[in-house]
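K.L.:
There's a structure below that I have some questions on.
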Amino acid sequence: MSSIAALAQGLGITLKALFSKPVTIPYPDAPVALKPRFHGRHVLTRHPNGLEKCIGCSLCAAACPAYAIYVEAAENDPAHPVSAGERYASVYEINMLRCIFCGLCEEACPTGAVVMGYDFELADYRYSDFVYGKGDMLVDVQGSKPQRREAQYTGQDIKKGYALPYVRPELEGVQPPLLKKPRQVAPKPQADDEHSGH
Ligand code: SF4
Ligand code: SF4
């Protein structure tokens, strides 16, 4: 009796699936719906005033378990700063063949400069093309290298999963510190304040 019940249960599942909609995603003809926390190609973000958030500290490179990140830092010219810190990344490279898209670089970054974006079509031909530099990852750049190359040849727009790169909300909109910020000196308490109990 129990085997008949199990058989009926199994057939019931089959019948249910027979009348449900197919779940096949017709990729690449249709865009893939990505989850908000998807880990795709990295994005190097900027502050709202345009300065790069990356200060070249290399913490992301130290945190990377795949040794995929290479950073060279240089001093900012106070008259024409690149970043909001004393230093900026003159070279910032990620080897996408080494990267395992774990997101530890994003976790380690103290300024929210490097974030995991949504580009996932990274397949390419030459080893050197898998090394992404600042010019491939700054927030102004849309798409991966092969996507941009194809768009250049075909004149078509870059296919995007999302219109905007993902930026950690708690760090977005945070004003950068000024390069030469005047030191804030706390006012000395007045004699009345000292005895007022506040
Ligand atoms: S996602 Fe992980 S493996 Fe890739 S660069 Fe960042 S820390 Fe390294
Ligand atoms: S991306 Fe972040 S952690 Fe990496 S060098 Fe720049 S500021 Fe430092």
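How things are named: the first chain in the structure tokens is A, the next is B, and so on; residues count from 1 in each chain; ligands count from 1 in the order shown.
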Residues within 6 Å of ligand 2, counting only C-alpha atoms and all ligand atoms: report them as a VMD selection string.
P.N.:
chain A and resid 54 to 60 108 to 111 113 to 114
K.L.:
List as a list in words the protein and nucleic acid residues near stretch 99-102 of chain A, meaning an atom at most 7 Å away when only C-alpha atoms are counted, but skip any in the same chain fewer than 6 places from it.
P.N.:
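Answer for this query is His39, Gly40, Ala66 and Ala68 of chain A.
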K.L.:
Write out, as a tab-separated table (two decimals), in the first residue's frame, the residues just selected, with C-alpha atoms.
P.N.:
```
chain	number	residue	atom	x	y	z
A	39	HIS	CA	30.20	38.78	-7.61
A	40	GLY	CA	31.26	39.85	-11.08
A	66	ALA	CA	44.66	34.05	-5.01
A	68	ALA	CA	45.44	38.26	-8.05
```
K.L.:
Can you pull out every residue within 9 Å of A:Ser90, counting only C-alpha atoms, but drop anything in the same chain fewer than 5 positions away, and send it as a PyMOL selection string?
P.N.:
chain A and resi 56+71-75+134
K.L.:
Those residues you just picked out, can you put them in a file as a short mmCIF file (atom, residue, chain, number, x, y, z; two decimals), in the first residue's frame with N, CA and C atoms?
P.N.:
```
data_model
loop_
_atom_site.label_atom_id
_atom_site.label_comp_id
_atom_site.auth_asym_id
_atom_site.auth_seq_id
_atom_site.Cartn_x
_atom_site.Cartn_y
_atom_site.Cartn_z
N GLY A 56 45.60 53.39 -2.57
CA GLY A 56 46.81 52.60 -2.84
C GLY A 56 47.41 51.92 -1.64
N VAL A 71 49.21 46.30 -6.75
CA VAL A 71 49.00 47.74 -6.56
C VAL A 71 50.35 48.44 -6.44
N GLU A 72 50.47 49.55 -7.13
CA GLU A 72 51.61 50.45 -6.93
C GLU A 72 51.04 51.79 -6.52
N ALA A 73 51.56 52.36 -5.43
CA ALA A 73 51.04 53.63 -4.93
C ALA A 73 51.98 54.78 -5.26
N ALA A 74 51.42 55.98 -5.40
CA ALA A 74 52.23 57.18 -5.62
C ALA A 74 51.64 58.32 -4.81
N GLU A 75 52.48 59.32 -4.51
CA GLU A 75 52.02 60.48 -3.73
C GLU A 75 51.10 61.34 -4.58
N LYS A 134 43.38 49.89 -14.21
CA LYS A 134 42.46 50.93 -13.77
C LYS A 134 41.53 51.36 -14.91
#
```
K.L.:
Nearest to ligand 1: which of A:Thr45, A:Ser128, A:Asn95, A:Ser3 is it, counting only C-alpha atoms and all ligand atoms?
P.N.:
A:Asn95
K.L.:
For the atom pair atom CA of A:Asp136 and atom CA of A:Val43, what is the interatomic distance in Å to one decimal place?
P.N.:
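Value for the atom CA of A:Asp136-atom CA of A:Val43 distance: 8.5 Å.
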K.L.:
One decimal, in Å: what's the spacing between atom CA of A:His47 and atom CA of A:Val82?
P.N.:
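Between atom CA of A:His47 and atom CA of A:Val82 the gap works out to 10.9 Å.
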K.L.:
Just list as a PyMOL selection string whatever in stretch 109-158 of chain A DSSP marks as alpha helix (DSSP H).
P.N.:
chain A and resi 134-137+145-154
